[in-house]
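Just below is one structure, and these are the notes that go with it.
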Amino acid sequence: MAKQRTIANEVTLTGVGLHTGEKVTMKFVPATENHGFAFKRVDLEGEPIIEADANYVVNTQRGTNLEKRGVKIQTSEHVLAALVGMEIDNVLIELDAPEPPIMDGSSKFFVEALEKAGIVEQDAEREEYVVKEVITYKDEASGSDITLIPAEDYKITTMVDFGTKVLGTQNATLEKIADFKSEIADARTFSFLHELEMLLENGLIKGGDLNNAIVYVDKEISAPTMKKLEKAFNKKKLSVKPNGILDNLTLHQPNEAARHKLLDVIGDLALAGTRIKGKVIANKPGHYVNTQFAKKLSKIIKLEKRNKVPKFDLNQPPLMDITQIMKMLPHRPPFLLVDKIMELSDSHVVGVKNVTMNEPFFVGHFPGAPVMPGVLQVEAMAQTGGILVLNTVPDPENYLTFFMKIDNVKFKQQVVPGDTLIFKCDLISPIRRGICHMQAYAYANGKLVSEAELMAQIVKTKQED
């Protein structure tokens with residue numbers, strides 16, 4: 001599998017927000033493994049962080065706008081598209097205003113900044129959602145729909161129909177994400193004249209000018225309207241060119257509008273939180289349908305991740321047997337609740353517990369109806385996670401592991417004698433100062449039986465002579 005990537009150095013851009021007109025300084029900052037994308041408002045008290053998560057989308061008019069605990073980020077899609085297009089996984093985006101700079105209305109300048117910062121590979125493997133079945137979402141009101149089908153790479157096709165003479169049906173396709181820089185990044189945002197008039201009347205696009213938005217003239221411009229536009233764009237004289245575009249802006253490609261819609265799809269689907277291996281077919285895409293699909297996809301990915309039973313060859317010897325486990329863990333029967341370790345890396349561990357009628361807890365839980373207590377399932381997951389954290393020290397026999405916090409515990413199925421429990425624990429964040437924060441799952445009979453978010457700390461008990 002490919003490794004996760006971040007940037008090598010911080011890099012800063014300055015500009016104005018398209019809708020707010022506010023001056024803004026934006027900084028791309030390297031981030032740790034499994035961090036993902038997040039925005040940080042350095043202009044606010046406490047410098048709050050908003051993760052790039054579809055569940056934080058609150059508004060999709062003229063951009064994808066996020067809000068968490070009253071803190072807002074506007075027009076996030078062009079920045080996120082650049083990060084995905086450059087195949088970067090972990091970056092913190094610092095802003096001193098609610099909206100990133102619009103630049104020229106594309107992702108071009110963000111891509112150039114990220115290249116300037118340098119891109120480096122990290123140790124952790126990149127998580128990727130492999131599409132196995134067709135996933136669809138349709139907005140009945142607009143007729144827009146998005147379909148995701150299996151494919152060997154992340155591919156996107158957009159089909160747009162604007163229903164106007166000046167800009168009718170257009171298509172755009174990106175065959176592989178590696179071509180984002182050369183084929184999609186410089187596609188600029190656009191607007192129709194009738195939309196522009198409405199935005200101006202409502203005090204929006206304060207940072208707009210004819211260098212960061214293509215304006216398609218889909219109606220006759222009256223003299224008063226032309227005066228308003230000249231004032232809004234700080235131009236002495238505006239005109240409509242033969243191709244129906246306001247002023248003298250030259251299209252980069254004949255289907256630049258469709259390419260920009262494709263750029264928006266990439267940015268909005270980044271809010272699903274996971275790389276995609278599949279083909280997106282977007283018919284009349286827009287921020288609303290894009291983000292609704294991202295929410296649906298995010299739920300599917302989380303559900304599949306929880307229900308994905310680790311697979312390994314039972315005919316192969318375990319990575320660690322019970323004797324080796326007892327050399328590492330301080331627990332002893334009858335409170336040793338993991339029998340084998342099948343997989344172990346710097347960021348995850350898979351363990352096995354064979355549940356038999358000989359377990360002492362079945363004597364009282366319950367007579368005539370033996371069920372493994374949920375609290376012991378959590379303990380067994382924690383012991384498995386203990387192997388993960390103790391593997392980071394040279395003398396694990398000199399450490400004890402203590403719970404610090406248990407969150408989001410859920411029990412899905414009963415565990416009974418004869419079941420084989422499989423535990424999988426993944427680090428949520430890197431281990432620091434002996435503190436391990438992990439997501440743990442327990443499976444039996446091909447189903448998820450319990451899950452929990454665990455935090456524990458290892459403490460040294462024996463001092464060196």
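Starting from 1 in every chain, residues are counted up; chains themselves are A, B, ... following the order of the structure tokens, and ligands are numbered from 1 as listed.
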
- Shell around Met26 in chain A at 8 Å using only C-alpha atoms, local window under 3 positions removed, as a list in words: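 Here the answer would be Thr12, Leu13, Thr14, Ile93, Glu94, Leu95, Asp96, Pro100 and Pro101 of chain A.
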
Which neighbours of range 411-422 of chain A fall inside 7 Å, counting only C-alpha atoms, when residues of the same chain fewer than 4 positions from it are skipped, and could you give them as a PDB file with N, CA and C atoms, in the first residue's frame?
ATOM      1  N   GLY A 351      -5.450  -9.423  17.663  1.00  0.00           N
ATOM      2  CA  GLY A 351      -5.320 -10.516  18.613  1.00  0.00           C
ATOM      3  C   GLY A 351      -6.514 -11.446  18.576  1.00  0.00           C
ATOM      4  N   VAL A 352      -6.374 -12.616  19.236  1.00  0.00           N
ATOM      5  CA  VAL A 352      -7.411 -13.641  19.225  1.00  0.00           C
ATOM      6  C   VAL A 352      -7.653 -14.151  20.642  1.00  0.00           C
ATOM      7  N   LYS A 353      -8.917 -14.383  20.973  1.00  0.00           N
ATOM      8  CA  LYS A 353      -9.296 -14.995  22.246  1.00  0.00           C
ATOM      9  C   LYS A 353     -10.293 -16.109  21.963  1.00  0.00           C
ATOM     10  N   ASN A 354      -9.955 -17.321  22.328  1.00  0.00           N
ATOM     11  CA  ASN A 354     -10.875 -18.447  22.203  1.00  0.00           C
ATOM     12  C   ASN A 354     -11.720 -18.537  23.475  1.00  0.00           C
ATOM     13  N   VAL A 355     -13.005 -18.332  23.327  1.00  0.00           N
ATOM     14  CA  VAL A 355     -13.916 -18.317  24.478  1.00  0.00           C
ATOM     15  C   VAL A 355     -14.447 -19.734  24.701  1.00  0.00           C
ATOM     16  N   THR A 356     -14.180 -20.294  25.869  1.00  0.00           N
ATOM     17  CA  THR A 356     -14.650 -21.644  26.192  1.00  0.00           C
ATOM     18  C   THR A 356     -15.538 -21.627  27.437  1.00  0.00           C
ATOM     19  N   MET A 357     -16.230 -22.726  27.643  1.00  0.00           N
ATOM     20  CA  MET A 357     -17.108 -22.833  28.815  1.00  0.00           C
ATOM     21  C   MET A 357     -16.300 -22.872  30.103  1.00  0.00           C
ATOM     22  N   PRO A 370     -24.860 -18.783  29.586  1.00  0.00           N
ATOM     23  CA  PRO A 370     -23.534 -18.159  29.650  1.00  0.00           C
ATOM     24  C   PRO A 370     -23.325 -17.086  28.578  1.00  0.00           C
ATOM     25  N   VAL A 371     -22.984 -15.891  29.019  1.00  0.00           N
ATOM     26  CA  VAL A 371     -22.687 -14.758  28.131  1.00  0.00           C
ATOM     27  C   VAL A 371     -21.452 -14.047  28.667  1.00  0.00           C
ATOM     28  N   MET A 372     -20.487 -13.760  27.795  1.00  0.00           N
ATOM     29  CA  MET A 372     -19.279 -13.064  28.222  1.00  0.00           C
ATOM     30  C   MET A 372     -19.613 -11.605  28.558  1.00  0.00           C
ATOM     31  N   ALA A 442     -14.063  -5.644  18.333  1.00  0.00           N
ATOM     32  CA  ALA A 442     -14.062  -7.083  18.598  1.00  0.00           C
ATOM     33  C   ALA A 442     -15.071  -7.741  17.662  1.00  0.00           C
ATOM     34  N   TYR A 443     -14.662  -8.852  17.036  1.00  0.00           N
ATOM     35  CA  TYR A 443     -15.504  -9.559  16.075  1.00  0.00           C
ATOM     36  C   TYR A 443     -15.649 -11.015  16.496  1.00  0.00           C
ATOM     37  N   ALA A 444     -16.791 -11.602  16.140  1.00  0.00           N
ATOM     38  CA  ALA A 444     -17.011 -13.035  16.331  1.00  0.00           C
ATOM     39  C   ALA A 444     -18.017 -13.510  15.292  1.00  0.00           C
ATOM     40  N   LEU A 448     -19.326  -7.752  13.883  1.00  0.00           N
ATOM     41  CA  LEU A 448     -18.836  -6.872  14.930  1.00  0.00           C
ATOM     42  C   LEU A 448     -19.654  -7.124  16.199  1.00  0.00           C
ATOM     43  N   VAL A 449     -18.976  -7.407  17.307  1.00  0.00           N
ATOM     44  CA  VAL A 449     -19.693  -7.661  18.554  1.00  0.00           C
ATOM     45  C   VAL A 449     -19.551  -6.520  19.560  1.00  0.00           C
ATOM     46  N   SER A 450     -18.437  -5.786  19.509  1.00  0.00           N
ATOM     47  CA  SER A 450     -18.275  -4.649  20.414  1.00  0.00           C
ATOM     48  C   SER A 450     -17.198  -3.724  19.876  1.00  0.00           C
ATOM     49  N   GLU A 451     -17.222  -2.495  20.346  1.00  0.00           N
ATOM     50  CA  GLU A 451     -16.226  -1.506  19.926  1.00  0.00           C
ATOM     51  C   GLU A 451     -16.059  -0.481  21.030  1.00  0.00           C
TER      52      GLU A 451
END

Quick one: residues within 10 Å of Ala117 in chain A, only C-alpha atoms, excluding same-chain residues fewer than 2 positions away - as a PDB file with N, CA and C atoms, in the first residue's frame?
ATOM      1  N   THR A   6       2.637  14.229   3.683  1.00  0.00           N
ATOM      2  CA  THR A   6       2.372  15.584   4.153  1.00  0.00           C
ATOM      3  C   THR A   6       3.354  16.504   3.450  1.00  0.00           C
ATOM      4  N   ILE A   7       3.376  17.776   3.841  1.00  0.00           N
ATOM      5  CA  ILE A   7       4.326  18.701   3.235  1.00  0.00           C
ATOM      6  C   ILE A   7       5.570  18.813   4.110  1.00  0.00           C
ATOM      7  N   ALA A   8       6.675  19.194   3.482  1.00  0.00           N
ATOM      8  CA  ALA A   8       7.947  19.241   4.203  1.00  0.00           C
ATOM      9  C   ALA A   8       8.093  20.513   5.028  1.00  0.00           C
ATOM     10  N   ASN A   9       7.509  21.603   4.536  1.00  0.00           N
ATOM     11  CA  ASN A   9       7.676  22.897   5.202  1.00  0.00           C
ATOM     12  C   ASN A   9       6.368  23.677   5.182  1.00  0.00           C
ATOM     13  N   GLU A  10       6.277  24.652   6.060  1.00  0.00           N
ATOM     14  CA  GLU A  10       5.137  25.557   6.033  1.00  0.00           C
ATOM     15  C   GLU A  10       5.228  26.461   4.810  1.00  0.00           C
ATOM     16  N   VAL A  11       4.063  26.863   4.288  1.00  0.00           N
ATOM     17  CA  VAL A  11       4.041  27.795   3.168  1.00  0.00           C
ATOM     18  C   VAL A  11       2.815  28.697   3.324  1.00  0.00           C
ATOM     19  N   THR A  12       2.960  29.974   2.992  1.00  0.00           N
ATOM     20  CA  THR A  12       1.920  30.975   3.243  1.00  0.00           C
ATOM     21  C   THR A  12       1.445  31.621   1.949  1.00  0.00           C
ATOM     22  N   PHE A  28      -0.295  26.668   4.950  1.00  0.00           N
ATOM     23  CA  PHE A  28      -0.298  25.207   4.957  1.00  0.00           C
ATOM     24  C   PHE A  28       0.788  24.750   5.927  1.00  0.00           C
ATOM     25  N   VAL A  29       0.421  23.884   6.880  1.00  0.00           N
ATOM     26  CA  VAL A  29       1.349  23.429   7.914  1.00  0.00           C
ATOM     27  C   VAL A  29       1.438  21.904   7.880  1.00  0.00           C
ATOM     28  N   PRO A  30       2.652  21.335   7.938  1.00  0.00           N
ATOM     29  CA  PRO A  30       2.763  19.868   7.982  1.00  0.00           C
ATOM     30  C   PRO A  30       1.986  19.292   9.158  1.00  0.00           C
ATOM     31  N   VAL A 111      -1.886  24.636  -5.477  1.00  0.00           N
ATOM     32  CA  VAL A 111      -1.014  23.559  -5.959  1.00  0.00           C
ATOM     33  C   VAL A 111       0.438  24.032  -6.006  1.00  0.00           C
ATOM     34  N   GLU A 112       0.652  25.234  -6.533  1.00  0.00           N
ATOM     35  CA  GLU A 112       2.013  25.771  -6.627  1.00  0.00           C
ATOM     36  C   GLU A 112       2.627  25.954  -5.245  1.00  0.00           C
ATOM     37  N   ALA A 113       1.818  26.404  -4.286  1.00  0.00           N
ATOM     38  CA  ALA A 113       2.318  26.588  -2.921  1.00  0.00           C
ATOM     39  C   ALA A 113       2.700  25.257  -2.288  1.00  0.00           C
ATOM     40  N   LEU A 114       1.888  24.243  -2.509  1.00  0.00           N
ATOM     41  CA  LEU A 114       2.176  22.921  -1.952  1.00  0.00           C
ATOM     42  C   LEU A 114       3.437  22.327  -2.570  1.00  0.00           C
ATOM     43  N   GLU A 115       3.626  22.543  -3.855  1.00  0.00           N
ATOM     44  CA  GLU A 115       4.862  22.087  -4.504  1.00  0.00           C
ATOM     45  C   GLU A 115       6.072  22.818  -3.930  1.00  0.00           C
ATOM     46  N   ILE A 119       6.758  17.865  -0.742  1.00  0.00           N
ATOM     47  CA  ILE A 119       5.885  16.787  -0.279  1.00  0.00           C
ATOM     48  C   ILE A 119       6.747  15.620   0.185  1.00  0.00           C
ATOM     49  N   VAL A 120       6.465  15.131   1.397  1.00  0.00           N
ATOM     50  CA  VAL A 120       7.269  14.055   1.979  1.00  0.00           C
ATOM     51  C   VAL A 120       6.394  12.868   2.357  1.00  0.00           C
TER      52      VAL A 120
END

- Query: Quick one: distance from CA of Asp139 in chain A to CA of Val160 in chain A in Å, one decimal?
  - Reply: 14.6 Å

Which range 227-330 of chain A residues have any atom within 8 Å of an atom of range 166-176 of chain A, and for each, what is the nearest pair of atoms with distance in Å to one decimal, counting only C-alpha atoms, rows sorted by chain and number, as JSON lines?
{"residue": "A:Asn243", "atom": "CA", "partner": "A:Val166", "partner_atom": "CA", "distance": 7.5}
{"residue": "A:Gly244", "atom": "CA", "partner": "A:Val166", "partner_atom": "CA", "distance": 5.9}
{"residue": "A:Asn255", "atom": "CA", "partner": "A:Gln170", "partner_atom": "CA", "distance": 6.1}
{"residue": "A:Ala257", "atom": "CA", "partner": "A:Gln170", "partner_atom": "CA", "distance": 7.7}
{"residue": "A:Ala258", "atom": "CA", "partner": "A:Ala172", "partner_atom": "CA", "distance": 5.5}
{"residue": "A:Arg259", "atom": "CA", "partner": "A:Ala172", "partner_atom": "CA", "distance": 5.5}
{"residue": "A:Leu262", "atom": "CA", "partner": "A:Ala172", "partner_atom": "CA", "distance": 7.0}

Could you write out the selected residues, including C-alpha atoms, as a PDB file, in the first residue's frame?
ATOM      1  CA  ASN A 243     -17.944  34.263 -26.801  1.00  0.00           C
ATOM      2  CA  GLY A 244     -20.449  35.652 -24.292  1.00  0.00           C
ATOM      3  CA  ASN A 255     -14.923  23.213 -21.234  1.00  0.00           C
ATOM      4  CA  ALA A 257     -16.746  25.377 -16.593  1.00  0.00           C
ATOM      5  CA  ALA A 258     -17.153  21.566 -16.564  1.00  0.00           C
ATOM      6  CA  ARG A 259     -13.557  21.175 -15.398  1.00  0.00           C
ATOM      7  CA  LEU A 262     -14.980  18.493 -11.505  1.00  0.00           C
TER       8      LEU A 262
END

- Considering only C-alpha atoms, state which residue in the set A:Glu87, A:Glu33, A:Asp145, A:Asp153 is at the smallest distance from Lys181 in chain A.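 Counting only C-alpha atoms, the residue closest to Lys181 in chain A is A:Glu87.
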
- Message: Give me, as JSON, numbers by chain, the residues of range 201-289 of chain A that a backbone DSSP run labels alpha helix (DSSP H).
- Response: {"A": [201, 223, 224, 225, 226, 227, 228, 229, 230, 231, 232, 256, 257, 258, 259, 260, 261, 262, 263, 264, 265, 266, 267, 268, 269, 287, 288, 289]}

- as a PyMOL selection string, list the residues of range 129-271 of chain A assigned to strand (DSSP E or B) by DSSP on the backbone atoms of this structure. chain A and resi 129-130+135-139+144-149+155-161+169-174+190-192+214-216+240+245-246

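Within the 6 Å cut-off around Ala187 in chain A, using only C-alpha atoms and omitting residues fewer than 3 positions from it on the same chain, the listed residues are Ser106, Ile184, Glu256, Arg259 and His260 of chain A.
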
Only N, CA and C atoms, please: the residues just picked out, written as an mmCIF file, in the first residue's frame.
data_model
loop_
_atom_site.group_PDB
_atom_site.id
_atom_site.type_symbol
_atom_site.label_atom_id
_atom_site.label_comp_id
_atom_site.auth_asym_id
_atom_site.auth_seq_id
_atom_site.Cartn_x
_atom_site.Cartn_y
_atom_site.Cartn_z
ATOM 1 N N SER A 106 -9.366 29.305 -8.920
ATOM 2 C CA SER A 106 -9.074 27.894 -9.193
ATOM 3 C C SER A 106 -8.256 27.331 -8.036
ATOM 4 N N ILE A 184 -6.833 19.991 -14.405
ATOM 5 C CA ILE A 184 -7.981 20.519 -13.663
ATOM 6 C C ILE A 184 -7.643 21.731 -12.801
ATOM 7 N N GLU A 256 -13.915 24.749 -19.653
ATOM 8 C CA GLU A 256 -13.371 25.142 -18.349
ATOM 9 C C GLU A 256 -14.435 25.084 -17.254
ATOM 10 N N ARG A 259 -14.756 21.559 -16.139
ATOM 11 C CA ARG A 259 -13.557 21.175 -15.398
ATOM 12 C C ARG A 259 -13.586 21.759 -13.988
ATOM 13 N N HIS A 260 -14.093 22.991 -13.870
ATOM 14 C CA HIS A 260 -14.180 23.556 -12.531
ATOM 15 C C HIS A 260 -15.204 22.799 -11.684
#

- Item | Closest of A:Pro310, A:Gly374, A:Pro254, A:Gly163 to Lys447 in chain A - atom-to-atom distances counting only C-alpha atoms |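 Closest residue, counting only C-alpha atoms: A:Pro310.
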
- Message: Env of Ile266 in chain A: 12 Å cut, atoms = only C-alpha atoms, seq-sep filter 4 positions within chain, self excluded. Answer as a PyMOL selection string.
- Response: chain A and resi 76-87+107+154-158+173-174+176-177+180+184-185+259-262+270-276+279-282+285-287+290-291+293-294

For the selection you just gave me, I'd like the residues written to a file as an mmCIF file, in the first residue's frame, keeping C-alpha atoms.
data_model
loop_
_atom_site.group_PDB
_atom_site.id
_atom_site.type_symbol
_atom_site.label_atom_id
_atom_site.label_comp_id
_atom_site.auth_asym_id
_atom_site.auth_seq_id
_atom_site.Cartn_x
_atom_site.Cartn_y
_atom_site.Cartn_z
ATOM 1 C CA SER A 76 -13.347 25.265 1.494
ATOM 2 C CA GLU A 77 -13.539 23.271 -1.742
ATOM 3 C CA HIS A 78 -10.710 24.770 -3.843
ATOM 4 C CA VAL A 79 -8.132 24.276 -1.083
ATOM 5 C CA LEU A 80 -9.255 20.702 -0.392
ATOM 6 C CA ALA A 81 -9.234 19.869 -4.111
ATOM 7 C CA ALA A 82 -5.593 20.985 -4.328
ATOM 8 C CA LEU A 83 -4.606 18.752 -1.393
ATOM 9 C CA VAL A 84 -6.355 15.701 -2.866
ATOM 10 C CA GLY A 85 -5.048 16.482 -6.344
ATOM 11 C CA MET A 86 -1.469 16.593 -5.049
ATOM 12 C CA GLU A 87 -2.082 13.284 -3.236
ATOM 13 C CA SER A 107 -6.731 25.572 -7.271
ATOM 14 C CA TYR A 154 -9.757 7.479 -8.559
ATOM 15 C CA LYS A 155 -11.527 8.805 -11.666
ATOM 16 C CA ILE A 156 -14.097 11.557 -12.050
ATOM 17 C CA THR A 157 -16.469 12.501 -14.858
ATOM 18 C CA THR A 158 -18.725 15.542 -14.663
ATOM 19 C CA THR A 173 -13.122 13.667 -17.224
ATOM 20 C CA LEU A 174 -10.074 13.065 -15.056
ATOM 21 C CA LYS A 176 -6.195 9.598 -12.838
ATOM 22 C CA ILE A 177 -5.650 11.928 -9.912
ATOM 23 C CA PHE A 180 -5.055 16.989 -11.567
ATOM 24 C CA ILE A 184 -7.981 20.519 -13.663
ATOM 25 C CA ALA A 185 -6.119 22.765 -11.196
ATOM 26 C CA ARG A 259 -13.557 21.175 -15.398
ATOM 27 C CA HIS A 260 -14.180 23.556 -12.531
ATOM 28 C CA LYS A 261 -17.256 21.549 -11.558
ATOM 29 C CA LEU A 262 -14.980 18.493 -11.505
ATOM 30 C CA ALA A 270 -12.573 15.148 0.344
ATOM 31 C CA LEU A 271 -15.010 15.746 3.208
ATOM 32 C CA ALA A 272 -15.749 11.996 3.242
ATOM 33 C CA GLY A 273 -12.382 11.733 4.994
ATOM 34 C CA THR A 274 -10.911 8.822 3.034
ATOM 35 C CA ARG A 275 -9.129 8.360 -0.275
ATOM 36 C CA ILE A 276 -11.347 6.802 -2.917
ATOM 37 C CA LYS A 279 -15.006 6.245 -10.501
ATOM 38 C CA VAL A 280 -17.291 9.167 -9.721
ATOM 39 C CA ILE A 281 -19.906 10.066 -12.336
ATOM 40 C CA ALA A 282 -21.500 13.398 -11.458
ATOM 41 C CA PRO A 285 -23.078 18.451 -9.806
ATOM 42 C CA GLY A 286 -23.277 21.244 -7.265
ATOM 43 C CA HIS A 287 -22.068 21.754 -3.721
ATOM 44 C CA ASN A 290 -21.660 16.793 -3.678
ATOM 45 C CA THR A 291 -21.686 17.201 0.095
ATOM 46 C CA PHE A 293 -23.042 12.309 -1.312
ATOM 47 C CA ALA A 294 -19.917 12.872 0.821
#

- Message: Need to verify the contact set: Ile325 in chain A, 10 Å, only C-alpha atoms, exclusion of same-chain residues closer than 2 positions in sequence. Can you return it as a VMD selection string?
- Response: chain A and resid 319 to 323 327 to 331 336 338 to 341 383 to 384 387

Go ahead and write the residues just picked, C-alpha atoms, as a PDB file, in the first residue's frame.
ATOM      1  CA  LEU A 319       3.105 -13.817  15.497  1.00  0.00           C
ATOM      2  CA  MET A 320       2.998 -14.240  19.299  1.00  0.00           C
ATOM      3  CA  ASP A 321       1.692 -17.259  21.211  1.00  0.00           C
ATOM      4  CA  ILE A 322       0.443 -17.245  24.798  1.00  0.00           C
ATOM      5  CA  THR A 323       3.954 -17.760  26.225  1.00  0.00           C
ATOM      6  CA  LYS A 327       6.461 -12.246  28.670  1.00  0.00           C
ATOM      7  CA  MET A 328       5.095  -8.872  27.584  1.00  0.00           C
ATOM      8  CA  LEU A 329       1.791  -8.434  29.454  1.00  0.00           C
ATOM      9  CA  PRO A 330       1.708  -8.452  33.273  1.00  0.00           C
ATOM     10  CA  HIS A 331      -1.771 -10.074  33.285  1.00  0.00           C
ATOM     11  CA  LEU A 336      -5.385 -12.871  30.799  1.00  0.00           C
ATOM     12  CA  VAL A 338      -5.894 -12.672  24.767  1.00  0.00           C
ATOM     13  CA  ASP A 339      -4.454 -15.971  23.480  1.00  0.00           C
ATOM     14  CA  LYS A 340      -2.620 -15.064  20.273  1.00  0.00           C
ATOM     15  CA  ILE A 341      -1.310 -12.058  18.361  1.00  0.00           C
ATOM     16  CA  GLN A 383      -4.934  -6.066  26.642  1.00  0.00           C
ATOM     17  CA  THR A 384      -4.540  -6.516  22.901  1.00  0.00           C
ATOM     18  CA  ILE A 387       0.743  -5.367  23.220  1.00  0.00           C
TER      19      ILE A 387
END

- Task: Find the residue from A:Asp89, A:Leu229, A:Asn234, A:Lys219 that sits nearest to Glu125 in chain A; use only C-alpha atoms when measuring.
- Result: A:Asp89
